[in-house]
>>> print(open('structure-v9.pdb').read())   # PDB, C-alpha atoms
ATOM      1  CA  MET N1351      94.095  97.255 128.123
ATOM      2  CA  LYS N1352      93.051  94.025 129.854
ATOM      3  CA  ARG N1353      90.599  96.051 131.947
ATOM      4  CA  ILE N1354      88.987  97.514 128.815
ATOM      5  CA  ILE N1355      88.608  94.078 127.222
ATOM      6  CA  THR N1356      87.126  92.664 130.437
ATOM      7  CA  ILE N1357      84.584  95.507 130.687
ATOM      8  CA  LEU N1358      83.510  95.148 127.050
ATOM      9  CA  THR N1359      83.127  91.391 127.437
ATOM     10  CA  LEU N1360      81.032  91.806 130.598
ATOM     11  CA  ILE N1361      78.795  94.336 128.836
ATOM     12  CA  ILE N1362      78.159  91.923 125.971
ATOM     13  CA  VAL N1363      77.475  89.030 128.371
ATOM     14  CA  CYS N1364      75.021  91.174 130.351
ATOM     15  CA  LEU N1365      73.228  92.228 127.178
ATOM     16  CA  LEU N1366      72.922  88.639 126.036
ATOM     17  CA  THR N1367      71.576  87.618 129.470
ATOM     18  CA  MET N1368      68.954  90.359 129.326
ATOM     19  CA  VAL N1369      67.973  89.292 125.830
ATOM     20  CA  ALA N1370      67.462  85.701 126.965
ATOM     21  CA  GLN N1371      65.039  86.806 129.678
ATOM     22  CA  THR N1372      62.728  88.912 127.523
ATOM     23  CA  ASP N1373      59.319  87.815 126.324
ATOM     24  CA  ARG N1374      58.401  87.139 122.738
ATOM     25  CA  ARG N1375      58.011  90.273 120.609
ATOM     26  CA  VAL N1376      57.251  91.198 117.018
ATOM     27  CA  GLN N1377      60.206  90.244 114.840
ATOM     28  CA  TYR N1378      61.702  92.785 112.475
ATOM     29  CA  LYS N1379      62.861  91.457 109.108
ATOM     30  CA  PRO N1380      61.895  87.856 109.890
ATOM     31  CA  TYR N1381      63.182  86.444 106.590
ATOM     32  CA  ILE N1382      66.503  88.272 106.261
ATOM     33  CA  ASP N1383      68.557  85.301 107.487
ATOM     34  CA  LEU N1384      66.965  82.964 104.926
ATOM     35  CA  ARG N1385      68.673  84.723 102.029
ATOM     36  CA  PRO N1386      71.613  82.708 100.627
ATOM     37  CA  MET N1387      73.846  85.790 100.555
ATOM     38  CA  HIS N1388      74.039  88.915 102.754
ATOM     39  CA  PHE N1389      75.840  92.140 101.909
ATOM     40  CA  GLY N1390      76.678  95.138 104.036
ATOM     41  CA  ILE N1391      79.207  97.723 105.129
ATOM     42  CA  LEU N1392      81.307  98.041 108.272
ATOM     43  CA  ILE N1393      82.972 100.730 110.321
ATOM     44  CA  GLY N1394      84.944 100.319 113.500
ATOM     45  CA  ALA N1395      87.831 101.150 115.761
ATOM     46  CA  HIS N1396      90.855  99.081 116.694
ATOM     47  CA  LEU N1397      93.950  98.935 118.862
ATOM     48  CA  GLN N1398      97.308  97.811 117.442
ATOM     49  CA  ASP N1399     100.324  96.389 119.234
ATOM     50  CA  LEU N1400     103.630  94.686 118.468
ATOM     51  CA  GLU N1401     105.257  92.072 120.667
ATOM     52  CA  MET N1402     108.996  92.585 120.187
ATOM     53  CA  GLU N1403     111.900  90.170 120.710
ATOM     54  CA  ASN N1404     115.214  91.961 121.357
ATOM     55  CA  VAL N1405     118.593  90.560 120.344
ATOM     56  CA  GLY N1406     120.506  91.909 123.368
ATOM     57  CA  LEU N1407     124.172  92.889 123.073
ATOM     58  CA  GLN N1408     125.198  93.802 119.495
ATOM     59  CA  ASN N1409     128.558  94.127 117.753
ATOM     60  CA  ILE N1410     128.348  97.254 115.591
ATOM     61  CA  THR N1411     130.894  97.985 112.845
ATOM     62  CA  ASP N1412     131.108 101.646 111.782
ATOM     63  CA  ASP N1413     132.163 102.991 108.381
ATOM     64  CA  ASN N1414     135.841 103.009 109.496
ATOM     65  CA  GLY N1415     135.784  99.333 110.429
ATOM     66  CA  ASN N1416     135.768  99.903 114.191
ATOM     67  CA  VAL N1417     133.729  97.406 116.218
ATOM     68  CA  THR N1418     131.783  98.491 119.297
ATOM     69  CA  GLN N1419     129.195  96.794 121.474
ATOM     70  CA  GLN N1420     125.793  98.317 122.104
ATOM     71  CA  LEU N1421     122.810  97.224 124.156
ATOM     72  CA  ILE N1422     119.532  98.658 122.878
ATOM     73  CA  VAL N1423     116.046  97.413 123.685
ATOM     74  CA  CYS N1424     112.873  98.192 121.756
ATOM     75  CA  ASP N1425     109.290  98.096 122.989
ATOM     76  CA  ALA N1426     105.876  98.995 121.601
ATOM     77  CA  ASP N1427     105.015 100.874 124.771
ATOM     78  CA  ARG N1428     101.263 101.255 124.268
ATOM     79  CA  TRP N1429      98.259 100.007 122.350
ATOM     80  CA  SER N1430      97.720 102.520 119.536
ATOM     81  CA  PRO N1431      94.187 103.349 118.308
ATOM     82  CA  GLY N1432      93.001 103.470 114.706
ATOM     83  CA  PHE N1433      89.855 103.119 112.636
ATOM     84  CA  SER N1434      88.563 100.617 110.078
ATOM     85  CA  VAL N1435      86.164 100.676 107.119
ATOM     86  CA  GLY N1436      85.094  97.933 104.746
ATOM     87  CA  VAL N1437      82.396  95.865 103.099
ATOM     88  CA  LEU N1438      80.786  92.544 103.966
ATOM     89  CA  ALA N1439      79.631  89.456 102.098
ATOM     90  CA  GLU N1440      78.126  86.570 104.051
ATOM     91  CA  LEU N1441      77.169  83.192 102.606
ATOM     92  CA  ARG N1442      74.549  81.146 104.462
ATOM     93  CA  LEU N1443      75.780  77.574 104.951
ATOM     94  CA  HIS N1444      73.264  76.334 107.506
ATOM     95  CA  ASP N1445      70.664  77.651 109.937
ATOM     96  CA  ASN N1446      73.485  78.336 112.408
ATOM     97  CA  PHE N1447      76.611  78.612 110.249
ATOM     98  CA  ALA N1448      77.753  81.192 107.727
ATOM     99  CA  LEU N1449      80.922  81.933 105.761
ATOM    100  CA  ARG N1450      81.861  85.599 105.919
ATOM    101  CA  ILE N1451      84.319  87.629 103.840
ATOM    102  CA  SER N1452      84.868  91.266 104.798
ATOM    103  CA  PRO N1453      87.555  93.230 102.857
ATOM    104  CA  THR N1454      88.682  95.996 105.232
ATOM    105  CA  MET N1455      91.071  98.929 105.390
ATOM    106  CA  HIS N1456      92.729  99.526 108.770
ATOM    107  CA  PHE N1457      94.302 102.941 109.352
ATOM    108  CA  GLY N1458      96.556 103.270 112.397
ATOM    109  CA  ALA N1459     100.064 103.304 113.830
ATOM    110  CA  LYS N1460     102.307 101.675 116.401
ATOM    111  CA  HIS N1461     104.445 103.674 118.828
ATOM    112  CA  LEU N1462     107.942 102.264 119.398
ATOM    113  CA  THR N1463     110.504 103.317 122.011
ATOM    114  CA  PHE N1464     114.192 102.390 121.717
ATOM    115  CA  THR N1465     116.324 102.618 124.870
ATOM    116  CA  ASP N1466     120.135 102.697 124.680
ATOM    117  CA  LEU N1467     121.156 101.123 127.987
ATOM    118  CA  GLN N1468     124.890 101.855 127.594
ATOM    119  CA  ASN N1469     124.727 105.575 126.799
ATOM    120  CA  THR N1470     123.155 108.295 128.912
ATOM    121  CA  ASP N1471     122.078 111.897 128.389
ATOM    122  CA  ALA N1472     123.061 114.973 130.437
ATOM    123  CA  ALA N1473     120.608 113.939 133.175
ATOM    124  CA  GLY N1474     122.188 110.496 133.470
ATOM    125  CA  LYS N1475     119.202 108.700 131.922
ATOM    126  CA  PRO N1476     119.467 106.146 129.086
ATOM    127  CA  ILE N1477     119.179 107.721 125.641
ATOM    128  CA  LYS N1478     115.801 107.049 124.022
ATOM    129  CA  GLN N1479     114.619 107.169 120.431
ATOM    130  CA  THR N1480     110.974 106.903 119.389
ATOM    131  CA  GLN N1481     109.193 106.006 116.184
ATOM    132  CA  ASP N1482     105.550 106.332 115.142
ATOM    133  CA  LEU N1483     105.258 103.341 112.858
ATOM    134  CA  LYS N1484     102.312 104.431 110.712
ATOM    135  CA  ASN N1485     100.585 101.737 108.710
ATOM    136  CA  THR N1486      97.603 101.197 106.467
ATOM    137  CA  TYR N1487      96.496  97.599 106.117
ATOM    138  CA  PHE N1488      94.236  96.021 103.532
ATOM    139  CA  SER N1489      92.868  92.831 105.041
ATOM    140  CA  LEU N1490      90.721  90.041 103.604
ATOM    141  CA  PRO N1491      89.416  88.042 106.582
ATOM    142  CA  VAL N1492      87.607  84.783 105.904
ATOM    143  CA  ASP N1493      85.566  83.723 108.945
ATOM    144  CA  ILE N1494      83.153  81.036 110.032
ATOM    145  CA  LYS N1495      80.260  82.433 112.042
ATOM    146  CA  PHE N1496      78.296  80.231 114.445
ATOM    147  CA  ALA N1497      75.048  81.897 115.508
ATOM    148  CA  ALA N1498      72.573  80.856 118.196
ATOM    149  CA  PRO N1499      68.880  80.580 117.282
ATOM    150  CA  ARG N1500      67.228  83.959 116.899
ATOM    151  CA  TRP N1501      65.266  85.245 119.901
ATOM    152  CA  ASN N1502      62.981  88.171 119.162
ATOM    153  CA  ASN N1503      65.247  90.738 117.485
ATOM    154  CA  HIS N1504      68.608  89.481 118.778
ATOM    155  CA  ARG N1505      70.954  86.702 117.773
ATOM    156  CA  PRO N1506      74.352  86.255 119.502
ATOM    157  CA  TYR N1507      77.188  84.494 117.725
ATOM    158  CA  LEU N1508      80.812  83.399 117.870
ATOM    159  CA  MET N1509      83.271  83.676 115.007
ATOM    160  CA  ALA N1510      86.772  82.532 114.061
ATOM    161  CA  GLY N1511      88.880  82.694 110.943
ATOM    162  CA  ILE N1512      92.043  83.636 109.117
ATOM    163  CA  ASN N1513      92.999  87.155 108.079
ATOM    164  CA  PRO N1514      95.618  87.770 105.331
ATOM    165  CA  MET N1515      96.842  91.381 105.383
ATOM    166  CA  ILE N1516      98.821  93.672 103.067
ATOM    167  CA  ASN N1517     100.793  96.569 104.548
ATOM    168  CA  MET N1518     100.236  99.491 102.163
ATOM    169  CA  THR N1519     102.717 101.808 103.936
ATOM    170  CA  LYS N1520     106.443 101.623 103.248
ATOM    171  CA  GLY N1521     108.856 103.864 105.158
ATOM    172  CA  ASP N1522     112.229 103.328 103.498
ATOM    173  CA  GLN N1523     114.178 105.265 106.141
ATOM    174  CA  ASP N1524     112.112 104.389 109.213
ATOM    175  CA  ILE N1525     114.072 102.700 111.995
ATOM    176  CA  ILE N1526     111.809  99.656 111.922
ATOM    177  CA  ARG N1527     109.966  98.488 108.819
ATOM    178  CA  LEU N1528     107.374  95.740 108.656
ATOM    179  CA  LYS N1529     106.919  93.153 105.919
ATOM    180  CA  ARG N1530     104.392  93.799 103.199
ATOM    181  CA  PHE N1531     102.433  90.566 103.726
ATOM    182  CA  SER N1532     101.307  88.947 106.966
ATOM    183  CA  THR N1533      98.583  86.650 108.284
ATOM    184  CA  MET N1534      96.580  86.750 111.494
ATOM    185  CA  VAL N1535      94.187  84.363 113.172
ATOM    186  CA  GLU N1536      91.103  85.952 114.718
ATOM    187  CA  VAL N1537      88.382  84.970 117.186
ATOM    188  CA  GLY N1538      85.493  87.015 118.491
ATOM    189  CA  LEU N1539      81.875  87.361 119.499
ATOM    190  CA  GLY N1540      78.989  89.618 118.579
ATOM    191  CA  CYS N1541      75.237  89.915 118.301
ATOM    192  CA  ASP N1542      72.802  90.572 115.444
ATOM    193  CA  PHE N1543      70.276  93.301 116.290
ATOM    194  CA  TYR N1544      67.272  93.290 113.956
ATOM    195  CA  LEU N1545      65.941  96.814 113.507
ATOM    196  CA  PRO N1546      62.892  97.933 111.470
ATOM    197  CA  PHE N1547      64.913  98.942 108.396
ATOM    198  CA  PHE N1548      68.281  97.187 108.692
ATOM    199  CA  LYS N1549      70.357  94.818 110.814
ATOM    200  CA  LEU N1550      73.045  96.204 113.157
ATOM    201  CA  ILE N1551      75.851  93.868 114.247
ATOM    202  CA  PRO N1552      78.379  94.975 116.882
ATOM    203  CA  GLU N1553      81.359  92.624 117.160
ATOM    204  CA  LEU N1554      84.499  92.420 119.282
ATOM    205  CA  LYS N1555      87.359  90.310 117.932
ATOM    206  CA  PHE N1556      90.969  89.563 118.832
ATOM    207  CA  CYS N1557      93.637  89.097 116.138
ATOM    208  CA  PHE N1558      97.026  87.430 116.611
ATOM    209  CA  GLY N1559      99.884  87.348 114.081
ATOM    210  CA  LEU N1560     101.070  83.938 112.922
ATOM    211  CA  SER N1561     104.558  84.893 111.759
ATOM    212  CA  ASN N1562     107.410  87.360 112.172
ATOM    213  CA  VAL N1563     106.318  90.636 110.535
ATOM    214  CA  LEU N1564     109.688  92.371 110.957
ATOM    215  CA  ASP N1565     111.615  93.195 107.762
ATOM    216  CA  THR N1566     115.041  92.024 108.958
ATOM    217  CA  ASN N1567     116.793  93.165 105.753
ATOM    218  CA  HIS N1568     115.778  96.781 106.326
ATOM    219  CA  VAL N1569     118.750  97.488 108.628
ATOM    220  CA  ASN N1570     121.126  97.159 105.660
ATOM    221  CA  GLU N1571     119.141  99.714 103.647
ATOM    222  CA  LEU N1572     119.374 102.560 106.170
ATOM    223  CA  ARG N1573     121.501 105.477 105.007
ATOM    224  CA  ASP N1574     121.904 106.839 108.539
ATOM    225  CA  ALA N1575     124.564 104.652 110.183
ATOM    226  CA  ASN N1576     123.540 105.899 113.634
ATOM    227  CA  LEU N1577     120.143 104.240 113.253
ATOM    228  CA  ARG N1578     121.435 100.795 112.311
ATOM    229  CA  ALA N1579     122.081  99.765 115.915
ATOM    230  CA  PHE N1580     118.491 100.708 116.781
ATOM    231  CA  ALA N1581     117.073  98.869 113.759
ATOM    232  CA  GLY N1582     119.171  95.788 114.517
ATOM    233  CA  SER N1583     118.065  95.594 118.138
ATOM    234  CA  VAL N1584     114.939  93.570 117.241
ATOM    235  CA  SER N1585     114.910  90.061 115.778
ATOM    236  CA  ASN N1586     111.204  89.238 115.847
ATOM    237  CA  ALA N1587     107.892  91.096 115.966
ATOM    238  CA  GLN N1588     104.384  89.642 116.307
ATOM    239  CA  SER N1589     101.324  91.759 115.473
ATOM    240  CA  LYS N1590      98.246  91.936 117.681
ATOM    241  CA  MET N1591      94.955  93.773 117.230
ATOM    242  CA  VAL N1592      91.705  94.248 119.116
ATOM    243  CA  VAL N1593      88.898  95.319 116.789
ATOM    244  CA  LEU N1594      85.443  96.664 117.640
ATOM    245  CA  THR N1595      83.321  96.599 114.490
ATOM    246  CA  PHE N1596      79.784  97.665 113.601
ATOM    247  CA  TYR N1597      78.259  95.918 110.592
ATOM    248  CA  PHE N1598      75.197  97.292 108.776
ATOM    249  CA  GLU N1599      73.132  94.965 106.575
TER     250      GLU N1599
END
>>> encode(input="structure-v9.pdb", output="structure tokens")
Amino acid sequence: MKRIITILTLIIVCLLTMVAQTDRRVQYKPYIDLRPMHFGILIGAHLQDLEMENVGLQNITDDNGNVTQQLIVCDADRWSPGFSVGVLAELRLHDNFALRISPTMHFGAKHLTFTDLQNTDAAGKPIKQTQDLKNTYFSLPVDIKFAAPRWNNHRPYLMAGINPMINMTKGDQDIIRLKRFSTMVEVGLGCDFYLPFFKLIPELKFCFGLSNVLDTNHVNELRDANLRAFAGSVSNAQSKMVVLTFYFE
């Protein structure tokens, strides 16, 4: 994952360097940035991850009142891909600054693996349980965009903001369930490409959760008693996302 991010960042840096070295050319849509408000649509792809905090050794009480100890660890073992669609509204604040709001739907999932370190299967390996934690998020990011002066038909920028999110998926009997509401902080970079008929804006941003998104009360709602030890193995979960977006204005 780090290698992918590094490659994408190097590609963007190289493109911006090439842009800076080009001669003056005819500008497409020279007055588009002077409008007080911009509107557009967006499509993109993203990678989701959860950073889990395990509780360690647990005391589990079964339906007969017997207490046993179990050691189960949970991990989101890979970055899971998804796709995003939304709309864009951008308010011009200054020649170099803009306020951007982009309501977006994110469709994806997170893959979780639970490992029971005290019980083994027939092959002598720890027993594992997996969960595809599917989720659909509605997000309403509010960002500040700082753009460099336009050069020919390119304009690189940096952005940062806050991203409230609503989890539209609710799995009542999933092992792990996430809270309905969460908030992320996001930073990124991109470049405006002015084309003859529209403006294309590729952007790469990184999103980090600000709070625990784990629904800790969910363990008490599980009907399957065998899953409660797995659900109770995690005390904290922080969301992370890497989003590659293409805006069209």
>>> resolve_selection(input="structure-v9.pdb", expression="the PyMOL selection byres ((chain N and resi 1537-1548) around 6)", output="MDAnalysis selection string")
chainID N and resid 1378 1503:1510 1536 1549:1556 1599
>>> atom_distance(input="structure-v9.pdb", atom1="atom CA of N:Asn1586", atom2="atom CA of N:Gly1432")
23.1 Å
>>> closest_residue(input="structure-v9.pdb", among="N:Thr1480, N:Lys1475, N:Gln1398, N:Met1387", to="N:Ala1439", atoms="only C-alpha atoms")
N:Met1387
>>> closest_residue(input="structure-v9.pdb", among="N:Ala1426, N:Gly1390, N:Glu1401, N:Leu1594", to="N:Gly1559", atoms="all atoms listed in the file")
N:Glu1401
>>> residues_around(input="structure-v9.pdb", residues="N:Val1437", least_positions_apart="6", cutoff="8 Å", atoms="only C-alpha atoms", output="list in words")
Phe1389, Gly1390, Ile1391, Leu1392, Ser1452, Pro1453 and Thr1454 of chain N
>>> residues_around(input="structure-v9.pdb", residues="N:Ala1587", least_positions_apart="4", cutoff="9 Å", atoms="all atoms listed in the file", output="number ranges by chain")
N: 1400-1403, 1528, 1561-1564
>>> write_last_selection(input="structure-v9.pdb", atoms="C-alpha atoms", output="compact mmCIF listing (two decimals), keeping the file's coordinate frame")
# COMPACT_ATOMS: atom_id res chain seq x y z
CA LEU N 1400 103.63 94.69 118.47
CA GLU N 1401 105.26 92.07 120.67
CA MET N 1402 109.00 92.58 120.19
CA GLU N 1403 111.90 90.17 120.71
CA LEU N 1528 107.37 95.74 108.66
CA SER N 1561 104.56 84.89 111.76
CA ASN N 1562 107.41 87.36 112.17
CA VAL N 1563 106.32 90.64 110.54
CA LEU N 1564 109.69 92.37 110.96
>>> axis_aligned_box(input="structure-v9.pdb", around="stretch 1523-1538 of chain N", padding_each_side="4 Å", output="JSON")
{"center_x": 99.8, "center_y": 94.8, "center_z": 110.8, "size_x": 36.7, "size_y": 28.9, "size_z": 23.3}
>>> resolve_selection(input="structure-v9.pdb", expression="the PyMOL selection byres ((chain N and resi 1443) around 12)", output="PyMOL selection string")
chain N and resi 1383-1388+1440-1442+1444-1450+1494-1497
>>> residues_around(input="structure-v9.pdb", residues="N:Val1584", least_positions_apart="2", cutoff="12 Å", atoms="all atoms listed in the file", output="number ranges by chain")
N: 1400-1408, 1421-1426, 1462-1465, 1525-1528, 1562-1569, 1578-1582, 1586-1588
>>> write_last_selection(input="structure-v9.pdb", atoms="C-alpha atoms", output="short mmCIF file (atom, residue, chain, number, x, y, z; two decimals), in the frame of the given file")
data_model
loop_
_atom_site.label_atom_id
_atom_site.label_comp_id
_atom_site.auth_asym_id
_atom_site.auth_seq_id
_atom_site.Cartn_x
_atom_site.Cartn_y
_atom_site.Cartn_z
CA LEU N 1400 103.63 94.69 118.47
CA GLU N 1401 105.26 92.07 120.67
CA MET N 1402 109.00 92.58 120.19
CA GLU N 1403 111.90 90.17 120.71
CA ASN N 1404 115.21 91.96 121.36
CA VAL N 1405 118.59 90.56 120.34
CA GLY N 1406 120.51 91.91 123.37
CA LEU N 1407 124.17 92.89 123.07
CA GLN N 1408 125.20 93.80 119.50
CA LEU N 1421 122.81 97.22 124.16
CA ILE N 1422 119.53 98.66 122.88
CA VAL N 1423 116.05 97.41 123.68
CA CYS N 1424 112.87 98.19 121.76
CA ASP N 1425 109.29 98.10 122.99
CA ALA N 1426 105.88 99.00 121.60
CA LEU N 1462 107.94 102.26 119.40
CA THR N 1463 110.50 103.32 122.01
CA PHE N 1464 114.19 102.39 121.72
CA THR N 1465 116.32 102.62 124.87
CA ILE N 1525 114.07 102.70 112.00
CA ILE N 1526 111.81 99.66 111.92
CA ARG N 1527 109.97 98.49 108.82
CA LEU N 1528 107.37 95.74 108.66
CA ASN N 1562 107.41 87.36 112.17
CA VAL N 1563 106.32 90.64 110.54
CA LEU N 1564 109.69 92.37 110.96
CA ASP N 1565 111.62 93.20 107.76
CA THR N 1566 115.04 92.02 108.96
CA ASN N 1567 116.79 93.16 105.75
CA HIS N 1568 115.78 96.78 106.33
CA VAL N 1569 118.75 97.49 108.63
CA ARG N 1578 121.44 100.80 112.31
CA ALA N 1579 122.08 99.76 115.92
CA PHE N 1580 118.49 100.71 116.78
CA ALA N 1581 117.07 98.87 113.76
CA GLY N 1582 119.17 95.79 114.52
CA ASN N 1586 111.20 89.24 115.85
CA ALA N 1587 107.89 91.10 115.97
CA GLN N 1588 104.38 89.64 116.31
#
>>> closest_residue(input="structure-v9.pdb", among="N:Cys1557, N:Ala1473, N:Leu1467, N:Met1534", to="N:Gln1419", atoms="all atoms listed in the file")
N:Leu1467
>>> residues_around(input="structure-v9.pdb", residues="N:Asp1399", least_positions_apart="5", cutoff="7 Å", atoms="all atoms listed in the file", output="list in words")
Ala1426, Trp1429, Ser1430, Lys1460, Ser1589, Lys1590 and Met1591 of chain N
>>> atom_distance(input="structure-v9.pdb", atom1="atom CA of N:Lys1529", atom2="atom CA of N:Thr1486")
12.3 Å
>>> resolve_selection(input="structure-v9.pdb", expression="the PyMOL selection byres ((chain N and resi 1520) around 10)", output="list in words")
Leu1483, Lys1484, Asn1485, Thr1486, Asn1517, Met1518, Thr1519, Gly1521, Asp1522, Gln1523, Asp1524, Arg1527, Leu1528, Lys1529 and Arg1530 of chain N
>>> residues_around(input="structure-v9.pdb", residues="N:Met1455", least_positions_apart="2", cutoff="6 Å", atoms="all atoms listed in the file", output="list in words")
Ser1434, Val1435, Tyr1487 and Phe1488 of chain N
>>> write_last_selection(input="structure-v9.pdb", atoms="C-alpha atoms", output="mmCIF file, keeping the file's coordinate frame")
data_model
loop_
_atom_site.group_PDB
_atom_site.id
_atom_site.type_symbol
_atom_site.label_atom_id
_atom_site.label_comp_id
_atom_site.auth_asym_id
_atom_site.auth_seq_id
_atom_site.Cartn_x
_atom_site.Cartn_y
_atom_site.Cartn_z
ATOM 1 C CA SER N 1434 88.563 100.617 110.078
ATOM 2 C CA VAL N 1435 86.164 100.676 107.119
ATOM 3 C CA TYR N 1487 96.496 97.599 106.117
ATOM 4 C CA PHE N 1488 94.236 96.021 103.532
#
>>> closest_residue(input="structure-v9.pdb", among="N:Leu1490, N:Arg1375, N:Ala1459, N:Leu1572", to="N:Ile1512", atoms="all atoms listed in the file")
N:Leu1490
>>> atom_distance(input="structure-v9.pdb", atom1="atom CA of N:Thr1533", atom2="atom CA of N:Ser1585")
18.3 Å
>>> decode(input="structure-v9.pdb", residues="stretch 1385-1446 of chain N", atoms="C-alpha atoms", output="PDB file, in the first residue's frame")
ATOM      1  CA  ARG N1385     -17.159  32.563 -11.377  1.00  0.00           C
ATOM      2  CA  PRO N1386     -18.226  32.885  -7.712  1.00  0.00           C
ATOM      3  CA  MET N1387     -19.567  29.323  -7.665  1.00  0.00           C
ATOM      4  CA  HIS N1388     -18.519  26.124  -9.485  1.00  0.00           C
ATOM      5  CA  PHE N1389     -20.574  22.957  -9.810  1.00  0.00           C
ATOM      6  CA  GLY N1390     -19.639  19.513 -11.026  1.00  0.00           C
ATOM      7  CA  ILE N1391     -19.768  15.768 -10.545  1.00  0.00           C
ATOM      8  CA  LEU N1392     -17.195  13.288  -9.272  1.00  0.00           C
ATOM      9  CA  ILE N1393     -16.345   9.634  -9.629  1.00  0.00           C
ATOM     10  CA  GLY N1394     -13.491   7.764  -8.042  1.00  0.00           C
ATOM     11  CA  ALA N1395     -12.014   4.747  -6.353  1.00  0.00           C
ATOM     12  CA  HIS N1396     -10.882   4.281  -2.775  1.00  0.00           C
ATOM     13  CA  LEU N1397      -9.210   1.913  -0.347  1.00  0.00           C
ATOM     14  CA  GLN N1398     -10.632   1.333   3.146  1.00  0.00           C
ATOM     15  CA  ASP N1399      -8.898   0.097   6.275  1.00  0.00           C
ATOM     16  CA  LEU N1400      -9.516  -0.237  10.006  1.00  0.00           C
ATOM     17  CA  GLU N1401      -6.837   0.076  12.660  1.00  0.00           C
ATOM     18  CA  MET N1402      -7.946  -2.268  15.444  1.00  0.00           C
ATOM     19  CA  GLU N1403      -7.074  -2.268  19.157  1.00  0.00           C
ATOM     20  CA  ASN N1404      -7.473  -5.712  20.768  1.00  0.00           C
ATOM     21  CA  VAL N1405      -8.428  -6.231  24.405  1.00  0.00           C
ATOM     22  CA  GLY N1406      -6.270  -9.341  24.942  1.00  0.00           C
ATOM     23  CA  LEU N1407      -7.344 -12.058  27.384  1.00  0.00           C
ATOM     24  CA  GLN N1408     -11.129 -12.130  27.978  1.00  0.00           C
ATOM     25  CA  ASN N1409     -13.313 -13.695  30.662  1.00  0.00           C
ATOM     26  CA  ILE N1410     -16.308 -15.209  28.862  1.00  0.00           C
ATOM     27  CA  THR N1411     -19.455 -16.283  30.732  1.00  0.00           C
ATOM     28  CA  ASP N1412     -21.643 -18.807  28.881  1.00  0.00           C
ATOM     29  CA  ASP N1413     -25.403 -19.281  29.236  1.00  0.00           C
ATOM     30  CA  ASN N1414     -24.850 -21.750  32.129  1.00  0.00           C
ATOM     31  CA  GLY N1415     -22.800 -19.261  34.125  1.00  0.00           C
ATOM     32  CA  ASN N1416     -19.446 -20.938  33.484  1.00  0.00           C
ATOM     33  CA  VAL N1417     -16.480 -18.581  33.102  1.00  0.00           C
ATOM     34  CA  THR N1418     -13.675 -19.325  30.649  1.00  0.00           C
ATOM     35  CA  GLN N1419     -10.749 -17.309  29.347  1.00  0.00           C
ATOM     36  CA  GLN N1420     -10.189 -16.740  25.652  1.00  0.00           C
ATOM     37  CA  LEU N1421      -7.521 -14.913  23.692  1.00  0.00           C
ATOM     38  CA  ILE N1422      -8.742 -13.710  20.301  1.00  0.00           C
ATOM     39  CA  VAL N1423      -7.127 -11.068  18.119  1.00  0.00           C
ATOM     40  CA  CYS N1424      -8.765  -9.213  15.242  1.00  0.00           C
ATOM     41  CA  ASP N1425      -7.101  -7.523  12.284  1.00  0.00           C
ATOM     42  CA  ALA N1426      -8.237  -5.803   9.100  1.00  0.00           C
ATOM     43  CA  ASP N1427      -5.743  -7.791   7.065  1.00  0.00           C
ATOM     44  CA  ARG N1428      -5.839  -5.784   3.834  1.00  0.00           C
ATOM     45  CA  TRP N1429      -6.846  -2.501   2.261  1.00  0.00           C
ATOM     46  CA  SER N1430     -10.214  -3.148   0.601  1.00  0.00           C
ATOM     47  CA  PRO N1431     -11.162  -1.361  -2.653  1.00  0.00           C
ATOM     48  CA  GLY N1432     -14.426   0.425  -3.401  1.00  0.00           C
ATOM     49  CA  PHE N1433     -15.841   3.163  -5.592  1.00  0.00           C
ATOM     50  CA  SER N1434     -17.279   6.634  -4.997  1.00  0.00           C
ATOM     51  CA  VAL N1435     -19.757   8.938  -6.746  1.00  0.00           C
ATOM     52  CA  GLY N1436     -20.974  12.404  -5.847  1.00  0.00           C
ATOM     53  CA  VAL N1437     -21.507  16.041  -6.719  1.00  0.00           C
ATOM     54  CA  LEU N1438     -19.426  19.164  -6.184  1.00  0.00           C
ATOM     55  CA  ALA N1439     -20.048  22.769  -5.195  1.00  0.00           C
ATOM     56  CA  GLU N1440     -17.099  25.142  -4.913  1.00  0.00           C
ATOM     57  CA  LEU N1441     -17.257  28.712  -3.630  1.00  0.00           C
ATOM     58  CA  ARG N1442     -14.519  31.116  -4.730  1.00  0.00           C
ATOM     59  CA  LEU N1443     -13.090  32.946  -1.709  1.00  0.00           C
ATOM     60  CA  HIS N1444      -9.964  34.451  -3.245  1.00  0.00           C
ATOM     61  CA  ASP N1445      -7.754  34.118  -6.313  1.00  0.00           C
ATOM     62  CA  ASN N1446      -6.024  31.179  -4.611  1.00  0.00           C
TER      63      ASN N1446
END
